[in-house]
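*Asks:* Just input-v7.cif, nothing more (mmCIF, C-alpha atoms):
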data_final
#
loop_
_atom_site.label_atom_id
_atom_site.label_comp_id
_atom_site.auth_asym_id
_atom_site.auth_seq_id
_atom_site.Cartn_x
_atom_site.Cartn_y
_atom_site.Cartn_z
CA MET X 144 110.79 115.66 44.86
CA PRO X 145 112.82 116.74 47.96
CA ALA X 146 115.01 114.03 49.51
CA PHE X 147 113.26 114.09 52.91
CA VAL X 148 109.90 113.29 51.29
CA ARG X 149 111.41 110.12 49.83
CA ASN X 150 112.77 109.12 53.24
CA LYS X 151 110.55 106.31 54.59
CA THR X 152 111.38 107.10 58.22
CA PHE X 153 110.43 110.76 57.89
CA VAL X 154 107.20 109.99 56.00
CA SER X 155 106.18 107.42 58.65
CA LEU X 156 106.77 109.90 61.47
CA VAL X 157 104.74 112.63 59.76
CA ALA X 158 101.91 110.21 58.94
CA LEU X 159 101.70 109.06 62.58
CA LEU X 160 101.74 112.65 63.84
CA VAL X 161 98.98 113.67 61.41
CA LEU X 162 96.90 110.66 62.44
CA GLY X 163 97.48 111.48 66.12
CA ALA X 164 96.45 115.11 65.61
CA ALA X 165 93.33 113.98 63.71
CA LEU X 166 92.35 111.60 66.52
CA GLY X 167 92.95 114.32 69.10
CA THR X 168 90.78 116.78 67.18
CA ALA X 169 88.03 114.18 66.79
CA GLN X 170 88.10 113.48 70.54
CA LYS X 171 87.95 117.18 71.38
CA GLN X 172 84.98 117.67 69.03
CA ALA X 173 83.19 114.64 70.48
CA MET X 174 83.75 115.91 74.03
CA GLY X 175 82.58 119.39 73.06
CA SER X 176 79.37 118.09 71.54
CA GLY X 177 78.78 115.58 74.36
CA LYS X 178 78.75 112.66 71.92
CA PRO X 179 80.60 109.43 72.70
CA PHE X 180 84.01 109.02 71.04
CA VAL X 181 84.20 105.51 69.62
CA ALA X 182 88.01 105.19 69.83
CA SER X 183 87.94 106.06 73.56
CA ASP X 184 85.02 103.70 74.16
CA VAL X 185 86.88 100.83 72.51
CA GLY X 186 90.23 101.70 74.14
CA ARG X 187 88.76 101.91 77.61
CA THR X 188 86.82 98.67 77.11
CA VAL X 189 90.16 96.98 76.36
CA LEU X 190 91.91 98.68 79.30
CA ILE X 191 89.28 98.01 81.95
CA PRO X 192 89.94 94.25 82.38
CA VAL X 193 93.67 95.00 82.77
CA ASN X 194 92.93 97.77 85.30
CA LEU X 195 90.50 95.56 87.21
CA ALA X 196 93.03 92.71 87.32
CA PHE X 197 95.71 94.99 88.82
CA ASP X 198 93.17 96.52 91.18
CA ARG X 199 92.44 93.03 92.56
CA VAL X 200 96.17 92.14 92.70
CA PHE X 201 96.98 95.30 94.69
CA ALA X 202 93.98 94.70 96.98
CA ALA X 203 95.24 91.16 97.64
CA GLY X 204 98.74 92.55 98.31
CA ASP X 205 97.32 95.06 100.80
CA TRP X 206 95.42 92.28 102.51
CA LEU X 207 98.56 90.15 102.77
CA LEU X 208 100.63 93.05 104.10
CA ARG X 209 98.07 93.62 106.84
CA PHE X 210 98.79 90.15 108.15
CA ALA X 211 102.53 90.32 107.71
CA ARG X 212 103.11 93.32 109.98
CA PRO X 213 105.20 92.99 113.18
CA ARG X 214 103.38 92.65 116.52
CA SER X 215 104.69 95.97 117.93
CA LEU X 216 103.19 97.84 114.99
CA ILE X 217 99.83 96.15 115.50
CA LEU X 218 99.85 96.98 119.23
CA ARG X 219 100.65 100.61 118.50
CA GLU X 220 97.89 100.76 115.92
CA ASN X 221 95.52 99.12 118.36
CA ALA X 222 96.22 101.80 120.99
CA SER X 223 95.74 104.55 118.43
CA LEU X 224 92.47 102.97 117.26
CA ARG X 225 91.19 102.80 120.85
CA ARG X 226 91.88 106.51 121.24
CA GLU X 227 90.10 107.13 117.94
CA VAL X 228 87.08 105.06 119.03
CA ARG X 229 86.84 107.08 122.27
CA ARG X 230 87.01 110.34 120.33
CA LEU X 231 84.45 109.19 117.77
CA THR X 232 82.07 107.97 120.46
CA GLU X 233 82.11 111.41 122.04
CA GLU X 234 81.71 113.05 118.67
CA ASN X 235 78.89 110.69 117.79
CA ALA X 236 77.00 111.66 120.95
CA ARG X 237 77.40 115.33 120.10
CA LEU X 238 76.25 114.72 116.52
CA ARG X 239 73.20 112.76 117.70
CA GLU X 240 72.28 115.70 119.86
CA ALA X 241 72.69 118.08 116.92
CA ALA X 242 70.72 115.78 114.60
CA GLU X 243 67.81 115.60 117.00
CA GLU X 244 67.82 119.35 117.35
CA ASN X 245 67.97 119.64 113.57
CA VAL X 246 64.90 117.41 113.16
CA ARG X 247 63.00 119.46 115.71
CA LEU X 248 63.87 122.71 113.97
CA ARG X 249 62.96 121.33 110.55
CA LYS X 250 59.58 120.23 111.78
CA ALA X 251 59.07 123.59 113.40
CA LEU X 252 59.87 125.39 110.19
CA ARG X 253 57.81 122.90 108.15
CA LEU X 254 60.71 122.32 105.80
CA ARG X 255 60.82 119.13 103.87
CA GLU X 256 62.78 116.56 105.81
CA GLN X 257 65.41 115.59 103.34
CA ILE X 258 65.85 115.88 99.64
CA ARG X 259 66.31 112.41 98.23
CA LEU X 260 68.80 112.31 95.39
CA GLN X 261 69.24 109.62 92.82
CA MET X 262 72.73 108.24 93.44
CA ILE X 263 74.67 105.56 91.57
CA PRO X 264 77.30 103.74 93.67
CA ALA X 265 80.60 103.27 91.82
CA GLU X 266 84.14 102.17 92.42
CA VAL X 267 87.39 103.73 91.19
CA VAL X 268 89.13 101.17 89.00
CA SER X 269 92.00 103.27 87.76
CA ARG X 270 93.35 106.73 88.46
CA LYS X 271 95.91 109.24 87.31
CA GLY X 272 97.06 107.70 84.04
CA SER X 273 99.39 110.68 83.74
CA GLY X 274 101.02 113.12 86.14
CA TRP X 275 99.48 116.00 84.20
CA PHE X 276 95.80 115.37 84.93
CA GLU X 277 93.70 114.40 87.94
CA THR X 278 91.34 111.90 86.38
CA ALA X 279 90.05 108.45 87.26
CA ILE X 280 87.93 105.76 85.70
CA LEU X 281 84.81 104.52 87.48
CA ASP X 282 83.18 101.13 86.95
CA ARG X 283 79.76 102.56 86.03
CA GLY X 284 78.82 103.99 82.65
CA ARG X 285 75.92 105.00 80.43
CA ARG X 286 74.23 101.61 80.95
CA SER X 287 73.93 102.43 84.67
CA GLY X 288 72.49 105.88 83.99
CA VAL X 289 75.70 107.93 84.21
CA VAL X 290 75.69 111.06 82.06
CA LYS X 291 78.26 113.75 81.34
CA GLY X 292 78.29 116.45 84.01
CA SER X 293 77.13 114.21 86.87
CA ALA X 294 78.63 115.06 90.25
CA VAL X 295 80.90 112.49 91.89
CA VAL X 296 80.78 112.53 95.68
CA SER X 297 82.21 110.57 98.57
CA PHE X 298 81.15 110.66 102.22
CA ARG X 299 83.58 113.54 102.69
CA GLY X 300 82.08 115.71 99.94
CA LEU X 301 82.33 116.58 96.27
CA VAL X 302 85.17 114.75 94.49
CA GLY X 303 84.72 115.76 90.87
CA GLN X 304 82.53 115.65 87.81
CA ILE X 305 81.92 113.11 85.06
CA GLU X 306 83.62 114.20 81.84
CA GLN X 307 82.85 111.20 79.64
CA ALA X 308 80.47 108.31 80.04
CA ASP X 309 81.16 105.14 78.06
CA PRO X 310 78.75 102.19 78.02
CA TYR X 311 80.33 100.46 81.03
CA THR X 312 82.77 102.97 82.52
CA SER X 313 83.04 106.70 82.99
CA LEU X 314 85.83 109.22 83.31
CA VAL X 315 85.80 111.61 86.25
CA ILE X 316 87.82 114.82 86.48
CA GLY X 317 88.88 115.65 90.03
CA LEU X 318 88.27 119.10 91.51
CA GLY X 319 92.03 119.69 91.58
CA ASP X 320 92.44 119.25 87.82
CA GLU X 321 93.10 122.42 85.86
CA ASN X 322 90.14 121.64 83.59
CA SER X 323 87.75 121.55 86.56
CA ALA X 324 85.46 124.44 87.53
CA VAL X 325 82.35 124.19 89.71
CA GLY X 326 80.13 126.74 91.39
CA GLY X 327 80.92 127.19 95.08
CA THR X 328 79.30 129.07 97.96
CA VAL X 329 80.82 130.08 101.27
CA GLN X 330 78.47 128.33 103.69
CA ARG X 331 78.58 131.04 106.37
CA SER X 332 78.12 134.18 104.30
CA ARG X 333 76.47 132.63 101.16
CA VAL X 334 78.95 134.45 98.90
CA SER X 335 79.28 132.55 95.60
CA GLY X 336 82.12 132.10 93.16
CA ILE X 337 83.75 129.51 90.95
CA VAL X 338 85.99 126.82 92.45
CA GLN X 339 88.78 126.05 90.00
CA GLY X 340 91.43 123.35 90.04
CA GLN X 341 95.06 124.46 89.79
CA GLY X 342 96.81 121.16 89.26
CA GLU X 343 97.99 121.46 92.87
CA ASP X 344 96.73 120.42 96.31
CA ASP X 345 94.57 123.49 96.93
CA LEU X 346 91.65 124.79 94.88
CA LEU X 347 91.00 128.43 94.01
CA LEU X 348 87.64 130.02 94.82
CA ASN X 349 87.54 132.75 92.20
CA TYR X 350 85.30 135.58 90.95
CA LEU X 351 84.24 136.70 94.41
CA PRO X 352 83.13 140.34 94.90
CA LYS X 353 85.82 142.77 96.09
CA ASP X 354 84.33 143.06 99.60
CA ALA X 355 83.31 139.38 99.84
CA ASP X 356 82.74 138.15 103.38
CA VAL X 357 85.10 135.19 103.40
CA ARG X 358 87.46 134.15 106.17
CA LYS X 359 90.04 131.48 106.86
CA GLY X 360 88.27 128.33 108.08
CA ASP X 361 85.01 128.99 106.19
CA ILE X 362 83.43 125.92 104.62
CA VAL X 363 82.76 126.05 100.89
CA VAL X 364 79.88 124.01 99.46
CA SER X 365 78.58 123.49 95.93
CA SER X 366 76.31 126.37 94.90
CA GLY X 367 73.98 124.40 92.64
CA MET X 368 74.20 127.13 89.98
CA GLY X 369 73.32 125.78 86.56
CA ARG X 370 71.52 122.81 88.16
CA VAL X 371 74.31 120.43 87.15
CA ILE X 372 75.90 119.74 90.54
CA PRO X 373 73.35 119.67 93.36
CA LYS X 374 73.60 122.41 95.94
CA GLY X 375 75.18 121.81 99.35
CA PHE X 376 77.93 119.21 98.84
CA PRO X 377 81.04 120.16 100.87
CA ILE X 378 83.94 121.19 98.63
CA GLY X 379 86.53 122.23 101.19
CA ARG X 380 87.72 124.72 103.78
CA VAL X 381 89.18 128.18 103.11
CA MET X 382 92.89 128.22 103.92
CA ARG X 383 93.83 131.73 102.76
CA VAL X 384 91.99 134.77 101.43
CA LEU X 385 93.66 136.67 98.58
CA ARG X 386 92.46 140.25 98.16
CA ASN X 387 93.73 142.14 95.12
CA SER X 388 93.27 145.84 95.84
CA ILE X 389 94.43 146.90 92.35
CA GLY X 390 92.21 144.53 90.38
CA GLY X 391 89.43 144.86 92.93
CA THR X 392 88.92 141.12 93.18
CA THR X 393 88.90 138.58 95.95
CA SER X 394 89.73 134.91 95.76
CA ALA X 395 90.48 132.20 98.29
CA LEU X 396 92.61 129.08 98.49
CA VAL X 397 90.45 126.12 99.46
CA ARG X 398 91.75 122.82 100.86
CA PRO X 399 89.47 120.14 99.34
CA SER X 400 87.53 117.97 101.77
CA ALA X 401 87.75 114.97 99.44
CA ARG X 402 90.44 114.17 96.90
CA LEU X 403 90.08 111.92 93.89
CA ASP X 404 93.34 110.11 94.64
CA GLN X 405 92.16 109.19 98.14
CA VAL X 406 88.74 107.69 97.44
CA GLU X 407 87.80 104.21 96.32
CA GLN X 408 84.02 104.09 96.63
CA VAL X 409 82.01 107.03 95.35
CA PHE X 410 78.47 107.99 94.40
CA ILE X 411 77.52 109.49 91.07
CA VAL X 412 74.74 112.07 91.25
CA PRO X 413 73.12 112.74 87.85
CA PRO X 414 72.45 116.42 87.09
CA GLY X 415 69.16 118.25 87.35
CA GLN X 416 68.43 117.41 90.98
CA GLY X 417 67.81 119.75 93.92
CA GLY X 418 70.21 120.07 96.77
CA VAL X 419 71.38 118.43 99.95
CA GLN X 420 71.88 119.36 103.58
CA LEU X 421 74.93 117.41 104.70
CA MET I 173 103.88 90.54 64.46
CA ARG I 174 106.77 92.27 66.25
CA TYR I 175 104.35 94.90 67.61
CA ILE I 176 102.22 92.42 69.55
CA TRP I 177 104.46 91.89 72.60
CA PRO I 178 105.36 95.57 72.99
CA THR I 179 101.68 96.55 72.74
CA VAL I 180 100.71 93.93 75.34
CA CYS I 181 103.47 95.29 77.60
CA LEU I 182 102.14 98.84 77.10
CA LEU I 183 98.64 97.70 78.09
CA ILE I 184 99.98 96.00 81.21
CA ALA I 185 102.00 99.12 82.06
CA ALA I 186 98.86 101.26 81.68
CA GLY I 187 96.93 98.92 83.97
CA LEU I 188 99.71 99.02 86.54
CA GLN I 189 100.04 102.81 86.25
CA GLY I 190 96.39 103.30 87.14
CA ASN I 191 96.81 101.33 90.36
CA LEU I 192 100.23 102.48 91.56
CA PRO I 193 100.11 103.02 95.33
CA GLY I 194 101.07 106.44 96.71
CA SER I 195 103.99 104.90 98.61
CA VAL I 196 106.03 104.47 95.43
CA SER I 197 106.39 108.19 94.84
CA LEU I 198 109.94 109.59 94.75
CA MET I 199 110.32 113.36 95.40
CA GLY I 200 106.57 113.63 94.85
CA ALA I 201 106.82 111.90 91.46
CA LYS I 202 105.65 108.54 90.25
CA PRO I 203 107.19 106.70 87.31
CA ASP I 204 105.37 106.91 83.98
CA LEU I 205 105.34 103.18 83.27
CA VAL I 206 103.89 103.45 79.77
CA LEU I 207 106.64 105.91 78.84
CA VAL I 208 109.27 103.65 80.41
CA VAL I 209 108.10 100.64 78.42
CA LEU I 210 107.99 102.74 75.24
CA ILE I 211 111.52 104.06 75.77
CA GLY I 212 112.82 100.61 76.73
CA PHE I 213 111.48 98.99 73.57
CA ALA I 214 112.28 101.92 71.27
CA LEU I 215 115.88 102.05 72.51
CA ALA I 216 116.27 98.46 71.41
CA ALA I 217 114.77 99.08 67.97
CA ASP I 218 114.72 101.52 65.05
CA PRO I 219 113.07 104.98 64.67
CA VAL I 220 110.03 103.77 62.69
CA PHE I 221 109.34 101.06 65.26
CA GLY I 222 109.83 103.61 68.06
CA ALA I 223 107.47 106.11 66.46
CA THR I 224 104.78 103.50 65.82
CA LEU I 225 105.04 102.14 69.34
CA GLY I 226 104.96 105.73 70.60
CA PHE I 227 101.71 106.21 68.69
CA PHE I 228 100.17 103.20 70.48
CA ALA I 229 101.59 104.36 73.83
CA GLY I 230 99.99 107.79 73.32
CA LEU I 231 96.70 106.19 72.30
CA ILE I 232 96.68 104.00 75.43
CA THR I 233 97.67 106.83 77.81
CA GLY I 234 95.26 109.29 76.19
CA THR I 235 92.45 106.76 76.47
CA ALA I 236 93.28 105.99 80.12
CA VAL I 237 93.53 109.67 81.04
CA GLY I 238 90.55 110.65 78.87
CA LEU I 239 91.95 114.08 77.98
CA SER I 240 94.41 115.50 75.44
CA LEU I 241 94.50 112.34 73.32
CA GLY I 242 96.18 114.14 70.40
CA SER I 243 98.91 115.63 72.60
CA PHE I 244 99.67 112.27 74.19
CA ILE I 245 99.86 110.55 70.79
CA CYS I 246 102.05 113.20 69.16
CA THR I 247 104.48 113.65 72.07
CA ARG I 248 104.94 109.92 72.58
CA THR I 249 105.33 109.32 68.84
CA ILE I 250 108.16 111.88 68.77
CA THR I 251 109.70 110.43 71.96
CA GLY I 252 109.61 106.90 70.52
CA PHE I 253 111.12 108.17 67.29
CA LEU I 254 113.93 109.97 69.14
CA ALA I 255 114.63 106.85 71.21
CA GLY I 256 114.93 104.88 67.98
CA VAL I 257 117.29 107.51 66.56
CA VAL I 258 119.49 107.24 69.68
CA THR I 259 119.93 103.54 68.98
CA THR I 260 121.17 104.19 65.47
CA ARG I 261 123.58 106.92 66.59
CA LEU I 262 125.07 105.59 69.84
CA PHE I 263 126.76 102.49 71.12
CA SER I 264 123.78 101.35 73.17
CA GLU I 265 125.36 98.22 74.67
CA ASN I 266 126.76 100.44 77.41
CA PRO I 267 124.14 100.51 80.24
CA ILE I 268 124.78 104.22 80.82
CA VAL I 269 123.30 105.04 77.39
CA PRO I 270 119.77 103.66 77.95
CA MET I 271 119.72 105.17 81.45
CA PHE I 272 120.62 108.68 80.38
CA SER I 273 118.53 108.37 77.24
CA ALA I 274 115.46 107.47 79.31
CA ALA I 275 116.06 110.48 81.56
CA TRP I 276 116.41 113.04 78.78
CA LEU I 277 113.67 111.45 76.68
CA THR I 278 111.31 111.75 79.68
CA LEU I 279 112.27 115.39 80.01
CA VAL I 280 111.74 116.00 76.28
CA ASN I 281 108.42 114.17 76.37
CA GLU I 282 107.11 116.28 79.27
CA LEU I 283 108.36 119.54 77.74
CA LEU I 284 106.69 118.69 74.44
CA PHE I 285 103.49 117.88 76.30
CA LEU I 286 103.66 121.22 78.09
CA LEU I 287 104.17 122.99 74.74
CA ALA I 288 101.17 121.18 73.28
CA ASN I 289 99.03 122.14 76.28
CA PRO I 290 99.84 125.77 77.08
CA ARG I 291 96.92 125.96 79.55
CA LEU I 292 98.68 123.59 81.97
CA SER I 293 100.69 125.19 84.75
CA PRO I 294 104.41 124.42 84.33
CA ALA I 295 105.13 125.14 88.03
CA ALA I 296 103.25 122.08 89.25
CA ALA I 297 104.84 119.89 86.58
CA PHE I 298 108.42 120.99 87.15
CA ARG I 299 108.21 120.05 90.82
CA THR I 300 107.87 116.38 89.94
CA ILE I 301 109.67 116.15 86.60
CA GLY I 302 113.11 115.52 88.18
CA GLY I 303 111.86 112.59 90.21
CA GLU I 304 110.06 111.16 87.21
CA CYS I 305 113.23 111.36 85.08
CA ILE I 306 115.28 109.50 87.72
CA TYR I 307 112.57 106.92 88.24
CA ASN I 308 112.08 106.32 84.51
CA ALA I 309 115.84 106.08 83.93
CA LEU I 310 116.25 103.33 86.52
CA LEU I 311 113.24 101.38 85.29
CA ALA I 312 114.18 101.80 81.62
CA LEU I 313 117.58 100.28 82.37
CA ILE I 314 115.90 97.16 83.76
CA ILE I 315 113.50 96.87 80.81
CA TYR I 316 116.25 97.53 78.28
CA TRP I 317 118.50 94.91 79.84
CA PHE I 318 115.61 92.41 79.89
CA LEU I 319 114.77 93.08 76.21
CA LYS I 320 118.39 92.75 75.12
CA HIS I 321 118.59 89.48 77.02
CA MET I 322 115.41 88.18 75.36
CA GLU I 323 116.52 89.36 71.94
CA THR I 324 119.87 87.63 72.33
CA ARG I 325 118.05 84.44 73.18
CA ARG I 326 115.87 85.06 70.09
CA LYS I 327 112.64 84.96 72.09
CA ILE I 328 111.55 88.29 70.66
CA ARG I 329 112.53 90.22 67.57
CA LEU I 330 112.48 94.00 67.64
CA VAL I 331 114.49 95.06 64.64
CA ASP I 332 113.97 93.96 61.07
CA ALA I 333 116.99 95.81 59.80
CA ARG I 334 119.09 98.51 61.45
CA LEU I 335 119.06 101.80 59.59
#
When written as structure tokens, how does the structure in this file appear?

*Replies:*
Amino acid sequence: MPAFVRNKTFVSLVALLVLGAALGTAQKQAMGSGKPFVASDVGRTVLIPVNLAFDRVFAAGDWLLRFARPRSLILRENASLRREVRRLTEENARLREAAEENVRLRKALRLREQIRLQMIPAEVVSRKGSGWFETAILDRGRRSGVVKGSAVVSFRGLVGQIEQADPYTSLVIGLGDENSAVGGTVQRSRVSGIVQGQGEDDLLLNYLPKDADVRKGDIVVSSGMGRVIPKGFPIGRVMRVLRNSIGGTTSALVRPSARLDQVEQVFIVPPGQGGVQL
Amino acid sequence: MRYIWPTVCLLIAAGLQGNLPGSVSLMGAKPDLVLVVLIGFALAADPVFGATLGFFAGLITGTAVGLSLGSFICTRTITGFLAGVVTTRLFSENPIVPMFSAAWLTLVNELLFLLANPRLSPAAAFRTIGGECIYNALLALIIYWFLKHMETRRKIRLVDARL
């Protein structure tokens, strides 16, 4: 028998690596088949109380810091908030006008007033366990009706998609993660493609036709293709159009309207529902 | 029994990691607290202890992240093992040793992870890896010093027998 096989240290290392690889393969298979992975369920159930405790501690710290700030800072913030209130009041008036016009037009066209979607409110309890992935854990799981593939949205727009649903929690993959891909449509020209995460700030709207009508500043919304993510949720704004004359393809860099690391309260929209007009 | 405290510390680190505010980032990077705790403990112990603790660290991180469980377990097992080997090969009482060890072990850990996940873009990772190494090195020094202090006072026991 070779000497290294008799070495306890070496054997322990190999055994742990084999066990790790086996667990990884089992998780991948479970995710592929959409079945729950017991080890993850158990692990996350243990982690959630710890995450929740720190979430509350940080919230209390934030609250304390708000009171401990110097007076000059508060006055400056007050002035800036007054300006913001004035701007929002004007914007609100404009939006009211637009909303009333919208209602009139809808009635005129006899379109249904609004598609009502089933939405599950949830809170982010932990995010970005590693620098490599853009994921977060939400405090709602299978028991609340969350299923794999559900869209996760905030008031700003689409945030991501549910990758795993445990009994009491669920894992969401942000749009910016490299494993993320959702159908997107340019709102103005209705050109559709796939919005992919790049592990960076901007998303990539890919697989557009060569002569696609897409411009800087265009808004990209979910296309609703595949009936998993409802149609019409804002994804982001086109920052740059990339036309490849040799490959004959067009793609666009999209700045997301909502980011997973900047939201706390979200809504989970189970798949198989219509669309929205936001 | 000697795995209980380190595992509890790993769980706390994972909980803290998931709630780290954006303001703590250094050169766009945040510390990997689970990795720091793993390196800190493994540097004060032996390779088998390091590898086993690395296994738990990978399991906890993989569960928290929800993706690439196998890669997290394997890379952290190797990192823990290497940290344990460092202890048996170097005079680790010098504070420079745990600091530099934490930096290069972080680098090795991230490179191994990149190798295990060829689909990930290295460009995005390399932008923050430097900051993470510095951050982890500084934090590992604190943890290592704390563990040595506790071990000296016989409040915890990390090593059954040095190899």

*Asks:* In Å, with one decimal, what is the gap from CA of Asp282 in chain X to CA of Phe410 in chain X?

*Replies:*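 For CA of Asp282 in chain X relative to CA of Phe410 in chain X, the distance reads 11.2 Å.
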
*Asks:* Could you check the closest approach to Ala395 in chain X for each of X:Ala241, X:Gly327, X:Met368, X:Pro377 and tell me which residue wins, using all atoms listed in the file?

*Replies:*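 Of the candidates, the smallest distance to Ala395 in chain X is held by X:Gly327.
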
*Asks:* Hey, what comes out of the PyMOL selection byres ((chain X) within 8 of (chain I)) on this file? Could you write it as an MDAnalysis selection string?

*Replies:* chainID X and resid 152 155:156 159:160 163:168 170:171 183 186:187 190:191 193:195 197:198 201 268:276 278:280 307 314 321 341:343

*Asks:* Measuring atom to atom with all atoms listed in the file, identify which of I:Trp177, I:Leu254, I:Phe318, I:Ala217 is nearest to Ser273 in chain I.

*Replies:*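 Using all atoms listed in the file, the shortest distance to Ser273 in chain I belongs to I:Leu254.
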
*Asks:* Report as a PyMOL selection string all protein, DNA and RNA residues lying within 6 Å of Thr312 in chain X, evaluated on all atoms listed in the file, omitting residues in the same chain fewer than 2 positions from it.

*Replies:* chain X and resi 281-284+309

*Asks:* Please, which residues are within 12 Å of (118.9, 95.1, 84.2) by the file's coordinates, counting only C-alpha atoms, and could they come as a ChimeraX atom specification?

*Replies:* /I:212,265-268,270-271,309-322

*Asks:* Can I get the selected residues back with C-alpha atoms, as an mmCIF file, keeping the file's coordinate frame?

*Replies:*
data_model
loop_
_atom_site.group_PDB
_atom_site.id
_atom_site.type_symbol
_atom_site.label_atom_id
_atom_site.label_comp_id
_atom_site.auth_asym_id
_atom_site.auth_seq_id
_atom_site.Cartn_x
_atom_site.Cartn_y
_atom_site.Cartn_z
ATOM 1 C CA GLY I 212 112.820 100.610 76.730
ATOM 2 C CA GLU I 265 125.360 98.220 74.670
ATOM 3 C CA ASN I 266 126.760 100.440 77.410
ATOM 4 C CA PRO I 267 124.140 100.510 80.240
ATOM 5 C CA ILE I 268 124.780 104.220 80.820
ATOM 6 C CA PRO I 270 119.770 103.660 77.950
ATOM 7 C CA MET I 271 119.720 105.170 81.450
ATOM 8 C CA ALA I 309 115.840 106.080 83.930
ATOM 9 C CA LEU I 310 116.250 103.330 86.520
ATOM 10 C CA LEU I 311 113.240 101.380 85.290
ATOM 11 C CA ALA I 312 114.180 101.800 81.620
ATOM 12 C CA LEU I 313 117.580 100.280 82.370
ATOM 13 C CA ILE I 314 115.900 97.160 83.760
ATOM 14 C CA ILE I 315 113.500 96.870 80.810
ATOM 15 C CA TYR I 316 116.250 97.530 78.280
ATOM 16 C CA TRP I 317 118.500 94.910 79.840
ATOM 17 C CA PHE I 318 115.610 92.410 79.890
ATOM 18 C CA LEU I 319 114.770 93.080 76.210
ATOM 19 C CA LYS I 320 118.390 92.750 75.120
ATOM 20 C CA HIS I 321 118.590 89.480 77.020
ATOM 21 C CA MET I 322 115.410 88.180 75.360
#

*Asks:* Report, in Å to a single decimal, how far apart CA of Ala401 in chain X and CA of Pro373 in chain X are.

*Replies:*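 A separation of 16.3 Å between them.
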
*Asks:* Within 8 Å of Leu225 in chain I, counting all atoms listed in the file, which residues show up once you throw out same-chain ones fewer than 5 positions away? Write them as a PDB file with C-alpha atoms, in the frame of the given file, please.

*Replies:*
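What landed in around_6.pdb:
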ATOM      1  CA  TYR I 175     104.350  94.900  67.610  1.00  0.00           C
ATOM      2  CA  PRO I 178     105.360  95.570  72.990  1.00  0.00           C
ATOM      3  CA  THR I 179     101.680  96.550  72.740  1.00  0.00           C
ATOM      4  CA  LEU I 210     107.990 102.740  75.240  1.00  0.00           C
ATOM      5  CA  ALA I 214     112.280 101.920  71.270  1.00  0.00           C
ATOM      6  CA  THR I 249     105.330 109.320  68.840  1.00  0.00           C
ATOM      7  CA  GLY I 252     109.610 106.900  70.520  1.00  0.00           C
TER       8      GLY I 252
END

*Asks:* What gap, in Å, lies between CA of Val157 in chain X and CA of Asp184 in chain X?

*Replies:*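 Computed distance, CA of Val157 in chain X to CA of Asp184 in chain X, equals 26.0 Å.
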
*Asks:* Hey, which of I:Leu279, I:Asn308, I:Gly302, I:Ile211 ends up closest to Met199 in chain I? Count all atoms listed in the file.

*Replies:*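 Among I:Leu279, I:Asn308, I:Gly302, I:Ile211, it is I:Gly302 that comes nearest to Met199 in chain I.
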
*Asks:* Once the PyMOL selection byres ((chain X and resi 372) around 7) has been evaluated on this model, what residues remain selected, and can you format them as a tab-separated table (two decimals) with C-alpha atoms, in the frame of the given file?

*Replies:*
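Contents of part_15.tsv, as written:
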chain	number	residue	atom	x	y	z
X	293	SER	CA	77.13	114.21	86.87
X	294	ALA	CA	78.63	115.06	90.25
X	367	GLY	CA	73.98	124.40	92.64
X	370	ARG	CA	71.52	122.81	88.16
X	371	VAL	CA	74.31	120.43	87.15
X	373	PRO	CA	73.35	119.67	93.36
X	374	LYS	CA	73.60	122.41	95.94
X	414	PRO	CA	72.45	116.42	87.09

*Asks:* Once you count all atoms listed in the file, which residues end up no further than 6 Å from (89.8, 132.2, 100.1) in the file's frame, shown as an NGL selection string?

*Replies:* :X and (381 or 383-384 or 394-396)

*Asks:* Determine the residue membership of the PyMOL selection byres ((chain X and resi 364) around 8) for the file above and supply it as a short mmCIF file (atom, residue, chain, number, x, y, z; two decimals) with C-alpha atoms, in the coordinates of the input.

*Replies:*
data_model
loop_
_atom_site.label_atom_id
_atom_site.label_comp_id
_atom_site.auth_asym_id
_atom_site.auth_seq_id
_atom_site.Cartn_x
_atom_site.Cartn_y
_atom_site.Cartn_z
CA GLY X 327 80.92 127.19 95.08
CA THR X 328 79.30 129.07 97.96
CA VAL X 329 80.82 130.08 101.27
CA GLN X 330 78.47 128.33 103.69
CA ILE X 362 83.43 125.92 104.62
CA VAL X 363 82.76 126.05 100.89
CA SER X 365 78.58 123.49 95.93
CA SER X 366 76.31 126.37 94.90
CA LYS X 374 73.60 122.41 95.94
CA GLY X 375 75.18 121.81 99.35
CA PHE X 376 77.93 119.21 98.84
CA PRO X 377 81.04 120.16 100.87
CA ILE X 378 83.94 121.19 98.63
CA GLY X 379 86.53 122.23 101.19
#

*Asks:* Within 10 Å of Asp356 in chain X, counting all atoms listed in the file, which residues qualify if same-chain residues fewer than 4 places away don't, as a tab-separated table (two decimals) with C-alpha atoms, in the frame of the given file?

*Replies:*
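Listed below is the output, around22.tsv:
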chain	number	residue	atom	x	y	z
X	329	VAL	CA	80.82	130.08	101.27
X	331	ARG	CA	78.58	131.04	106.37
X	332	SER	CA	78.12	134.18	104.30
X	333	ARG	CA	76.47	132.63	101.16
X	334	VAL	CA	78.95	134.45	98.90
X	351	LEU	CA	84.24	136.70	94.41
X	352	PRO	CA	83.13	140.34	94.90
X	361	ASP	CA	85.01	128.99	106.19
X	393	THR	CA	88.90	138.58	95.95

*Asks:* Nearest to Lys291 in chain X among X:Glu277, X:Asn235, X:Arg214, X:Ile316, with distances taken over all atoms listed in the file: which residue is it?

*Replies:* X:Ile316
